[in-house]
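Colleague: What follows is a structure written as structure tokens; I'll ask about it next.
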Amino acid sequence: MTASPWRGHTLGTRTVAYTERDTILYALAVGARADDLDLVFEERLRVLPTFALTLAQWAPDALGALGAFDTTTAVHGAQRLTVRRPLPRAGEVTMTARVAEVWDKGGAAVFDVEVDSEHFLATWSLFAPGGGGFGGERGPASPRRPEGPVGRRLTLATYPEQAAHYRLLGDWHHMHVDPGAARAAGMPRPFLHGLCTLAALTLPAAGALGAHPADLTDLEGRFSAPVFPGDRLTADAWDDGPSGLRLEASACGRPVLTGVRARFAAATRQHKETSDA
């Protein structure tokens with residue numbers, strides 16, 4: 001087997017500062033409501049753990065800027081997040097990033113970009129057409145849909161302005177707001193950031209478990225198809241231990257999030273068959 005020259009490449013260290021305004025704006029962008037006071041009111045604020053992914057967005061962007069792959073065709077394939085300690089409601093986070101692995105899919109490569117901090121460990125999997133064929137390992141297979149009957153069904157309603165709001169958190173890619181850029185990327189219109197959709201799904205998932213979304217400890221998922229602002233998602237869910245769920249989400253009859261696993265601390269089970277966000 002031949003390793004990619006990008007494997008192990010260090011992307012450096014960066015310290016990112018943020019304020020309570022940023023954490024509140026993030027919560028609203030991923031679907032928090034005005035009466036979720038501990039997510040949107042500074043007097044009792046808790047930070048959603050997925051906010052970390054906006055702080056670390058610089059790392060996959062930095063790899064693209066170095067020319068590792070064609071940024072006009074590469075797509076975000078999957079995401080993982082392990083929470084080590086809660087983020088402060090405002091402050092600074094220092095992160096170190098590297099290319100943990102490069103998988104050879106033949107006609108494409110998958111770059112795993114790992115961002116490490118005292119608060120979290122996050123990994124972006126970036127699917128880059130044309131980057132494979134270097135003789136490396138293919139990497140892990142896609143997770144299978146859970147067997148057995150669906151335990152519950154969750155719903156998630158996105159809204160028309162959601163992509164425009166979410167990009168203010170640091171993902172400025174034009175395809176999420178400019179129709180021309182979206183068409184150039186092969187999409188009929190601007191589409192929602194995958195990280196926004198994945199984070200938004202953790203809110204009804206937490207509600208179904210009787211947990212608080214700020215108590216998320218582990219999250220992973222694959223982006224199977226775009227979600228367009230205003231789409232309504234349906235997620236089939238299976239219990240994954242006492243405080244976790246496995247989920248498969250679809251919109252307009254097509255799978256959009258697969259292999260999702262969300263786990264929360266201190267979840268108190270509440271048997272709810274549906275949950276709206």
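Letters A, B, ... go to the chains of the structure tokens in the order shown; residues in each chain start at 1; ligands are counted from 1 in the same order.
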Applying 12 Å and only C-alpha atoms, which residues near Arg254 of chain A remain after dropping the ones on its own chain fewer than 6 positions away? List them as a list in words.

Modeller: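 Counting only C-alpha atoms, the residues come to Phe223, Ser224, Ala225, Pro226, Val227, Asp231, Arg232, Leu233, Thr234, Ala235 and Glu248 of chain A.
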
Colleague: Give one line per residue of segment 136-211 of chain A that approaches segment 110-130 of chain A to at most 12 Å, naming the two atoms of the closest pair and their distance in Å to one decimal, counting only C-alpha atoms; sort by chain then ascending residue number and deliver it as CSV.

Modeller:
```
residue,atom,partner,partner_atom,distance
A:Gly136,CA,A:Val110,CA,10.8
A:Glu137,CA,A:Val110,CA,10.5
A:Arg138,CA,A:Val110,CA,8.9
A:Gly139,CA,A:Val110,CA,8.7
A:Pro140,CA,A:Val110,CA,10.7
A:Ala141,CA,A:Val110,CA,11.9
A:Gly194,CA,A:Trp124,CA,11.3
A:Leu195,CA,A:Trp124,CA,10.2
```

Colleague: Since we have the selection now, will you write its residues out, keeping N, CA, C and O atoms, as a short mmCIF file (atom, residue, chain, number, x, y, z; two decimals), in the first residue's frame?

Modeller:
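Wrote it out as part-v7.cif, contents follow:
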```cif
data_model
loop_
_atom_site.label_atom_id
_atom_site.label_comp_id
_atom_site.auth_asym_id
_atom_site.auth_seq_id
_atom_site.Cartn_x
_atom_site.Cartn_y
_atom_site.Cartn_z
N GLY A 136 -3.45 3.57 -2.05
CA GLY A 136 -3.65 3.51 -0.61
C GLY A 136 -4.81 2.60 -0.22
O GLY A 136 -5.49 2.02 -1.07
N GLU A 137 -5.05 2.48 1.08
CA GLU A 137 -6.14 1.68 1.59
C GLU A 137 -7.48 2.37 1.31
O GLU A 137 -7.56 3.60 1.28
N ARG A 138 -8.53 1.55 1.12
CA ARG A 138 -9.85 2.11 0.81
C ARG A 138 -10.53 2.71 2.03
O ARG A 138 -11.38 3.59 1.91
N GLY A 139 -10.17 2.24 3.21
CA GLY A 139 -10.78 2.79 4.41
C GLY A 139 -12.06 2.08 4.79
O GLY A 139 -12.51 1.15 4.12
N PRO A 140 -12.69 2.53 5.87
CA PRO A 140 -13.88 1.85 6.37
C PRO A 140 -15.07 1.99 5.43
O PRO A 140 -15.19 2.98 4.70
N ALA A 141 -15.93 0.98 5.44
CA ALA A 141 -17.14 1.02 4.63
C ALA A 141 -18.19 1.89 5.30
O ALA A 141 -18.13 2.18 6.49
N GLY A 194 -24.31 20.94 5.62
CA GLY A 194 -24.50 19.65 6.25
C GLY A 194 -24.35 19.71 7.76
O GLY A 194 -25.10 19.06 8.51
N LEU A 195 -23.39 20.50 8.24
CA LEU A 195 -23.19 20.61 9.68
C LEU A 195 -24.37 21.27 10.37
O LEU A 195 -24.65 20.99 11.54
#
```

Colleague: Set out as JSON lines a contact list for segment 90-141 of chain A and segment 2-14 of chain A with a cut-off of 7 Å, giving each residue of segment 90-141 of chain A that qualifies its closest atom pair and distance in Å to one decimal, counting only C-alpha atoms, ordered by chain and rising residue number.

Modeller:
```
{"residue": "A:Thr94", "atom": "CA", "partner": "A:Arg14", "partner_atom": "CA", "distance": 5.7}
{"residue": "A:Met95", "atom": "CA", "partner": "A:Arg14", "partner_atom": "CA", "distance": 5.4}
{"residue": "A:Thr96", "atom": "CA", "partner": "A:Thr13", "partner_atom": "CA", "distance": 4.3}
{"residue": "A:Ala97", "atom": "CA", "partner": "A:Leu11", "partner_atom": "CA", "distance": 5.1}
{"residue": "A:Arg98", "atom": "CA", "partner": "A:Thr10", "partner_atom": "CA", "distance": 4.3}
{"residue": "A:Val99", "atom": "CA", "partner": "A:Gly8", "partner_atom": "CA", "distance": 5.0}
{"residue": "A:Ala100", "atom": "CA", "partner": "A:Gly8", "partner_atom": "CA", "distance": 5.5}
{"residue": "A:Glu101", "atom": "CA", "partner": "A:Arg7", "partner_atom": "CA", "distance": 5.2}
{"residue": "A:Val102", "atom": "CA", "partner": "A:Arg7", "partner_atom": "CA", "distance": 5.7}
{"residue": "A:Phe134", "atom": "CA", "partner": "A:Thr2", "partner_atom": "CA", "distance": 6.6}
{"residue": "A:Gly135", "atom": "CA", "partner": "A:Thr2", "partner_atom": "CA", "distance": 5.0}
{"residue": "A:Gly136", "atom": "CA", "partner": "A:Thr2", "partner_atom": "CA", "distance": 4.8}
```

Colleague: Please dump the current selection as an mmCIF file, in the first residue's frame; keep N, CA, C and O atoms.

Modeller:
```
data_model
loop_
_atom_site.group_PDB
_atom_site.id
_atom_site.type_symbol
_atom_site.label_atom_id
_atom_site.label_comp_id
_atom_site.auth_asym_id
_atom_site.auth_seq_id
_atom_site.Cartn_x
_atom_site.Cartn_y
_atom_site.Cartn_z
ATOM 1 N N THR A 94 -8.199 27.066 21.700
ATOM 2 C CA THR A 94 -7.000 26.787 20.913
ATOM 3 C C THR A 94 -7.096 25.383 20.347
ATOM 4 O O THR A 94 -7.383 24.428 21.086
ATOM 5 N N MET A 95 -6.865 25.254 19.044
ATOM 6 C CA MET A 95 -7.022 23.983 18.344
ATOM 7 C C MET A 95 -5.788 23.689 17.495
ATOM 8 O O MET A 95 -5.162 24.601 16.969
ATOM 9 N N THR A 96 -5.484 22.413 17.373
ATOM 10 C CA THR A 96 -4.430 21.948 16.487
ATOM 11 C C THR A 96 -5.044 20.991 15.472
ATOM 12 O O THR A 96 -5.859 20.137 15.841
ATOM 13 N N ALA A 97 -4.666 21.138 14.207
ATOM 14 C CA ALA A 97 -5.284 20.329 13.150
ATOM 15 C C ALA A 97 -4.225 19.601 12.331
ATOM 16 O O ALA A 97 -3.098 20.081 12.162
ATOM 17 N N ARG A 98 -4.646 18.450 11.810
ATOM 18 C CA ARG A 98 -3.764 17.665 10.933
ATOM 19 C C ARG A 98 -4.621 16.796 10.028
ATOM 20 O O ARG A 98 -5.823 16.595 10.273
ATOM 21 N N VAL A 99 -3.991 16.283 8.971
ATOM 22 C CA VAL A 99 -4.636 15.295 8.104
ATOM 23 C C VAL A 99 -4.370 13.936 8.727
ATOM 24 O O VAL A 99 -3.260 13.402 8.648
ATOM 25 N N ALA A 100 -5.380 13.393 9.385
ATOM 26 C CA ALA A 100 -5.192 12.133 10.108
ATOM 27 C C ALA A 100 -5.039 10.945 9.162
ATOM 28 O O ALA A 100 -4.291 10.007 9.452
ATOM 29 N N GLU A 101 -5.761 10.974 8.025
ATOM 30 C CA GLU A 101 -5.722 9.855 7.089
ATOM 31 C C GLU A 101 -6.204 10.315 5.730
ATOM 32 O O GLU A 101 -6.952 11.297 5.615
ATOM 33 N N VAL A 102 -5.740 9.628 4.696
ATOM 34 C CA VAL A 102 -6.239 9.825 3.331
ATOM 35 C C VAL A 102 -6.562 8.449 2.781
ATOM 36 O O VAL A 102 -5.676 7.584 2.660
ATOM 37 N N PHE A 134 -3.897 6.350 -5.862
ATOM 38 C CA PHE A 134 -2.488 6.428 -5.492
ATOM 39 C C PHE A 134 -1.984 5.152 -4.825
ATOM 40 O O PHE A 134 -0.824 5.070 -4.407
ATOM 41 N N GLY A 135 -2.877 4.150 -4.705
ATOM 42 C CA GLY A 135 -2.449 2.867 -4.158
ATOM 43 C C GLY A 135 -2.617 2.731 -2.663
ATOM 44 O O GLY A 135 -2.018 1.834 -2.061
ATOM 45 N N GLY A 136 -3.449 3.573 -2.048
ATOM 46 C CA GLY A 136 -3.651 3.506 -0.610
ATOM 47 C C GLY A 136 -4.808 2.600 -0.222
ATOM 48 O O GLY A 136 -5.486 2.015 -1.069
#
```

Colleague: If you run DSSP on this backbone, which residues of segment 15-209 of chain A come out as alpha helix (DSSP H), and could you give them as number ranges by chain?

Modeller: A: 20-29, 37-40, 52-55, 58-65, 162-166, 179-184, 194-209

Colleague: When distances are computed from only C-alpha atoms, which of A:Arg144, A:His173, A:Ser243, A:Ala200 shows the smallest separation from Ala185 of chain A?

Modeller: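 Looking only at the distances to Ala185 of chain A, the closest residue turns out to be A:His173.
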
Colleague: So which one's closest to Leu168 of chain A, A:Ala251, A:Ala208, A:Val83, A:Cys196? Using only C-alpha atoms, please.

Modeller: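 Nearest to Leu168 of chain A: A:Cys196.
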
Colleague: Write out as a PyMOL selection string each polymer residue whose atoms come within 10 Å of Gln57 of chain A, counting only C-alpha atoms; drop sequence neighbours fewer than 2 positions from it.

Modeller: chain A and resi 52-55+59-62+115+124+169-171

Colleague: Taking only C-alpha atoms into account, which of A:Phe228, A:Phe191, A:Phe264, A:Trp172 comes nearest Gly210 of chain A?

Modeller: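 The closest residue to Gly210 of chain A is A:Phe264.
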
Colleague: Rounded to one decimal, what separation in Å do you get between atom CA of Arg167 of chain A and atom CA of Ala237 of chain A?

Modeller: 28.3 Å

Colleague: Would you kindly return, as an NGL selection string, each protein, DNA or RNA residue with an atom no farther than 10 Å from any atom of Arg189 of chain A, considering only C-alpha atoms and excluding same-chain residues fewer than 6 positions away?

Modeller: :A and (175-183 or 228-229)

Colleague: Using backbone DSSP assignments, extract all strand (DSSP E or B) residues from segment 100-268 of chain A; output them as a PyMOL selection string.

Modeller: chain A and resi 100-104+108-116+120-129+152-157+216-223+232-239+244-251+254-264

Colleague: Choose the residue, out of A:Pro49, A:Gly221, A:Gly186, A:Pro255, that has the smallest atom-to-atom separation from Thr82 of chain A; count only C-alpha atoms.

Modeller: A:Pro49

Colleague: Considering only C-alpha atoms, return as a PyMOL selection string whatever protein or nucleic-acid residues lie within 7 Å of Asp236 of chain A, sequence-local ones (same chain, fewer than 3 positions apart) excluded.

Modeller: chain A and resi 150+152-154+247-249

Colleague: Could you write those residues out with C-alpha atoms, as a compact mmCIF listing (two decimals), in the first residue's frame?

Modeller:
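Listing of part.txt after writing:
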```
# COMPACT_ATOMS: atom_id res chain seq x y z
CA VAL A 150 -37.85 1.56 13.95
CA ARG A 152 -39.47 6.05 17.01
CA ARG A 153 -39.77 8.65 14.30
CA LEU A 154 -38.58 12.23 14.70
CA LEU A 247 -30.77 7.77 13.14
CA GLU A 248 -31.41 7.73 9.40
CA ALA A 249 -32.95 10.96 8.08
```
